[in-house]
Amino acid sequence: MSPLTAIIYTDSRVSLDSLRNAKNHSFLVEEIRKQVASLERREWRIKVSWVKAHAGTLGSEMADRLAKEAARCEGTGNMFTRIPKSTLYQEAREEPRHKWQREWTTSQKASATRQYFPRDQDRLRSKIKLTPKISAVLTGHGMTKAYLQRFHLSEEATCTCGNEYQTMDHILFQCANTSTQREDLASKQGTSHNQAQEGVSCVH
Ligand SMILES: [Zn+2]
């Protein structure tokens, strides 16, 4: 470690993300970059790291108190008016999504859908045209033999390929009778079916 090393701890993930985001040119972020660059020219090495908020860290609580004092001081108003609207919009847009993701991850409901979309980004990125059949698959109500047997609409759950349990995962990832469609889909997505399978199996 360089003898002149400073580690700045922050409990603000937004600040860390903003600093790491090369496309973020907001006033305060640019100011911090300039200060860091200036210190690095003088042989300093500056690291920024995240710390849990209000975790009894002496420095963290002191910084919190100083920030509150500074916010009350006259003359600092300029700093706040120089946060660009785009940053405020971005934070306002992201907060409900983070809240939604926390609820999605901890919810006891929709476990079938969560297997396909563990994170909200996965769903937002995928361009799926929702049809009643696709919705049925994604919500765990696809009319597989296992599903029909569960509701006593079929006596057995055997797949047409001979596998004794025809679940949706079986049809999507294992069934010999759907291998052509599976390979076709995988090649269109530019991914092997093994990768696709890993993606879903890992969340089981
Ligand atoms: Zn099968």
# chains A, B, ... in the order shown; residues from 1 in each chain; ligands from 1
$ select_by_dssp --residues "segment 29-72 of chain A" --states "helix (DSSP H, G or I)" --output "MDAnalysis selection string"
chainID A and resid 29:41 58:72
$ write_last_selection --atoms "C-alpha atoms" --output "mmCIF file, in the first residue's frame"
data_model
loop_
_atom_site.group_PDB
_atom_site.id
_atom_site.type_symbol
_atom_site.label_atom_id
_atom_site.label_comp_id
_atom_site.auth_asym_id
_atom_site.auth_seq_id
_atom_site.Cartn_x
_atom_site.Cartn_y
_atom_site.Cartn_z
ATOM 1 C CA VAL A 29 -19.410 13.825 -8.933
ATOM 2 C CA GLU A 30 -17.100 15.853 -11.186
ATOM 3 C CA GLU A 31 -15.898 17.868 -8.165
ATOM 4 C CA ILE A 32 -15.001 14.659 -6.307
ATOM 5 C CA ARG A 33 -13.184 13.288 -9.387
ATOM 6 C CA LYS A 34 -11.182 16.502 -9.697
ATOM 7 C CA GLN A 35 -10.180 16.388 -6.013
ATOM 8 C CA VAL A 36 -9.152 12.730 -6.281
ATOM 9 C CA ALA A 37 -7.150 13.389 -9.467
ATOM 10 C CA SER A 38 -5.418 16.333 -7.833
ATOM 11 C CA LEU A 39 -4.479 14.235 -4.780
ATOM 12 C CA GLU A 40 -3.276 11.368 -6.986
ATOM 13 C CA ARG A 41 -0.937 13.773 -8.780
ATOM 14 C CA LEU A 58 -17.346 6.373 14.933
ATOM 15 C CA GLY A 59 -16.279 8.097 11.704
ATOM 16 C CA SER A 60 -19.593 7.359 10.019
ATOM 17 C CA GLU A 61 -21.626 8.940 12.795
ATOM 18 C CA MET A 62 -19.333 11.938 12.917
ATOM 19 C CA ALA A 63 -19.627 12.402 9.139
ATOM 20 C CA ASP A 64 -23.402 12.157 9.447
ATOM 21 C CA ARG A 65 -23.441 14.865 12.115
ATOM 22 C CA LEU A 66 -21.112 17.138 10.109
ATOM 23 C CA ALA A 67 -23.191 16.670 6.936
ATOM 24 C CA LYS A 68 -26.337 17.677 8.824
ATOM 25 C CA GLU A 69 -24.589 20.713 10.253
ATOM 26 C CA ALA A 70 -23.312 21.699 6.819
ATOM 27 C CA ALA A 71 -26.794 21.346 5.353
ATOM 28 C CA ARG A 72 -28.107 23.806 7.934
#
$ closest_atom_pairs --of "chain A" --to "ligand 1" --cutoff "12 Å" --atoms "only C-alpha atoms and all ligand atoms" --output "tab-separated table"
residue	atom	partner	partner_atom_place_in_ligand_line	distance
A:Thr144	CA	ligand 1	1 (Zn)	10.3
A:Lys145	CA	ligand 1	1 (Zn)	10.1
A:Ala146	CA	ligand 1	1 (Zn)	11.4
A:Ala157	CA	ligand 1	1 (Zn)	10.4
A:Thr158	CA	ligand 1	1 (Zn)	7.9
A:Cys159	CA	ligand 1	1 (Zn)	4.6
A:Thr160	CA	ligand 1	1 (Zn)	5.6
A:Cys161	CA	ligand 1	1 (Zn)	4.1
A:Gly162	CA	ligand 1	1 (Zn)	6.2
A:Asn163	CA	ligand 1	1 (Zn)	5.4
A:Glu164	CA	ligand 1	1 (Zn)	8.3
A:Tyr165	CA	ligand 1	1 (Zn)	8.0
A:Gln166	CA	ligand 1	1 (Zn)	6.1
A:Thr167	CA	ligand 1	1 (Zn)	8.6
A:Met168	CA	ligand 1	1 (Zn)	9.7
A:Asp169	CA	ligand 1	1 (Zn)	9.9
A:His170	CA	ligand 1	1 (Zn)	6.3
A:Ile171	CA	ligand 1	1 (Zn)	5.8
A:Leu172	CA	ligand 1	1 (Zn)	9.1
A:Phe173	CA	ligand 1	1 (Zn)	9.4
A:Gln174	CA	ligand 1	1 (Zn)	6.9
A:Cys175	CA	ligand 1	1 (Zn)	3.7
A:Ala176	CA	ligand 1	1 (Zn)	5.8
A:Asn177	CA	ligand 1	1 (Zn)	6.0
A:Thr178	CA	ligand 1	1 (Zn)	7.5
A:Ser179	CA	ligand 1	1 (Zn)	9.6
$ atom_distance --atom1 "atom CA of His152 of chain A" --atom2 "atom CA of Arg114 of chain A"
25.8 Å
$ select_by_dssp --residues "segment 11-169 of chain A" --states "strand (DSSP E)" --output "list in words"
Arg45, Ile46, Lys47, Val48, Ser49 and Trp50 of chain A
$ residues_around --residues "Arg102 of chain A" --least-positions-apart "5" --cutoff "12 Å" --atoms "only C-alpha atoms" --output "VMD selection string"
chain A and resid 95 to 97 107 118 to 120
$ residues_around --residues "Lys47 of chain A" --least-positions-apart "4" --cutoff "9 Å" --atoms "only C-alpha atoms" --output "list in words"
Thr5, Ala6, Ile7, Ile8 and Tyr9 of chain A
$ write_last_selection --atoms "C-alpha atoms" --output "short mmCIF file (atom, residue, chain, number, x, y, z; two decimals), in the first residue's frame"
data_model
loop_
_atom_site.label_atom_id
_atom_site.label_comp_id
_atom_site.auth_asym_id
_atom_site.auth_seq_id
_atom_site.Cartn_x
_atom_site.Cartn_y
_atom_site.Cartn_z
CA THR A 5 -3.38 6.15 1.24
CA ALA A 6 -6.79 7.46 2.23
CA ILE A 7 -9.91 5.30 2.37
CA ILE A 8 -13.22 7.14 2.27
CA TYR A 9 -16.12 5.16 3.69
#
$ residues_around --residues "Thr10 of chain A" --least-positions-apart "3" --cutoff "8 Å" --atoms "only C-alpha atoms" --output "short mmCIF file (atom, residue, chain, number, x, y, z; two decimals) with C-alpha atoms, in the first residue's frame"
data_model
loop_
_atom_site.label_atom_id
_atom_site.label_comp_id
_atom_site.auth_asym_id
_atom_site.auth_seq_id
_atom_site.Cartn_x
_atom_site.Cartn_y
_atom_site.Cartn_z
CA ARG A 13 -24.69 3.35 -2.53
CA SER A 15 -22.85 8.05 -4.35
CA LEU A 16 -20.66 5.01 -5.01
CA VAL A 48 -13.77 4.66 -1.71
CA SER A 49 -15.59 1.91 0.10
CA TRP A 50 -19.12 1.19 1.30
CA VAL A 51 -20.04 0.86 4.97
CA SER A 60 -19.59 7.36 10.02
#
$ closest_residue --among "A:Phe151, A:Ser126, A:Arg42, A:Glu103" --to "Gln189 of chain A" --atoms "only C-alpha atoms"
A:Ser126
$ atom_distance --atom1 "atom CA of Gln115 of chain A" --atom2 "atom CA of Asp17 of chain A"
27.5 Å
$ atom_distance --atom1 "atom CA of Phe117 of chain A" --atom2 "atom CA of Leu185 of chain A"
17.7 Å
$ decode --residues "segment 122-167 of chain A" --atoms "C-alpha atoms" --output "JSON list (two decimals), in the first residue's frame"
[["chain", "number", "residue", "atom", "x", "y", "z"],
["A", 122, "ASP", "CA", -34.25, -9.87, -16.22],
["A", 123, "ARG", "CA", -37.91, -9.20, -16.98],
["A", 124, "LEU", "CA", -37.32, -5.65, -18.20],
["A", 125, "ARG", "CA", -34.60, -6.87, -20.58],
["A", 126, "SER", "CA", -36.54, -9.77, -22.05],
["A", 127, "LYS", "CA", -38.80, -8.90, -24.92],
["A", 128, "ILE", "CA", -41.60, -11.34, -24.36],
["A", 129, "LYS", "CA", -44.94, -10.88, -26.01],
["A", 130, "LEU", "CA", -47.31, -12.02, -23.30],
["A", 131, "THR", "CA", -50.01, -14.38, -24.46],
["A", 132, "PRO", "CA", -52.37, -16.37, -22.19],
["A", 133, "LYS", "CA", -50.22, -19.48, -22.78],
["A", 134, "ILE", "CA", -46.93, -17.72, -21.97],
["A", 135, "SER", "CA", -48.49, -16.16, -18.86],
["A", 136, "ALA", "CA", -49.66, -19.62, -17.76],
["A", 137, "VAL", "CA", -46.11, -20.99, -18.10],
["A", 138, "LEU", "CA", -44.49, -18.06, -16.30],
["A", 139, "THR", "CA", -46.93, -18.19, -13.39],
["A", 140, "GLY", "CA", -46.66, -21.96, -12.92],
["A", 141, "HIS", "CA", -50.09, -22.74, -14.36],
["A", 142, "GLY", "CA", -48.95, -24.30, -17.64],
["A", 143, "MET", "CA", -51.06, -27.37, -18.46],
["A", 144, "THR", "CA", -48.31, -29.92, -18.02],
["A", 145, "LYS", "CA", -49.19, -33.51, -17.15],
["A", 146, "ALA", "CA", -47.78, -32.99, -13.64],
["A", 147, "TYR", "CA", -50.04, -29.96, -13.23],
["A", 148, "LEU", "CA", -53.11, -31.85, -14.48],
["A", 149, "GLN", "CA", -52.35, -34.76, -12.17],
["A", 150, "ARG", "CA", -52.03, -32.40, -9.21],
["A", 151, "PHE", "CA", -55.57, -31.21, -9.83],
["A", 152, "HIS", "CA", -56.85, -34.75, -10.50],
["A", 153, "LEU", "CA", -57.46, -34.02, -14.17],
["A", 154, "SER", "CA", -55.04, -36.73, -15.25],
["A", 155, "GLU", "CA", -54.27, -40.07, -13.66],
["A", 156, "GLU", "CA", -50.59, -40.02, -14.42],
["A", 157, "ALA", "CA", -47.95, -37.37, -15.11],
["A", 158, "THR", "CA", -45.89, -39.25, -17.71],
["A", 159, "CYS", "CA", -44.48, -37.17, -20.58],
["A", 160, "THR", "CA", -44.85, -38.22, -24.22],
["A", 161, "CYS", "CA", -41.06, -38.88, -24.21],
["A", 162, "GLY", "CA", -41.47, -41.49, -21.49],
["A", 163, "ASN", "CA", -40.18, -39.41, -18.57],
["A", 164, "GLU", "CA", -42.43, -40.16, -15.62],
["A", 165, "TYR", "CA", -42.88, -36.57, -14.53],
["A", 166, "GLN", "CA", -43.78, -33.93, -17.10],
["A", 167, "THR", "CA", -43.09, -30.61, -15.38]]
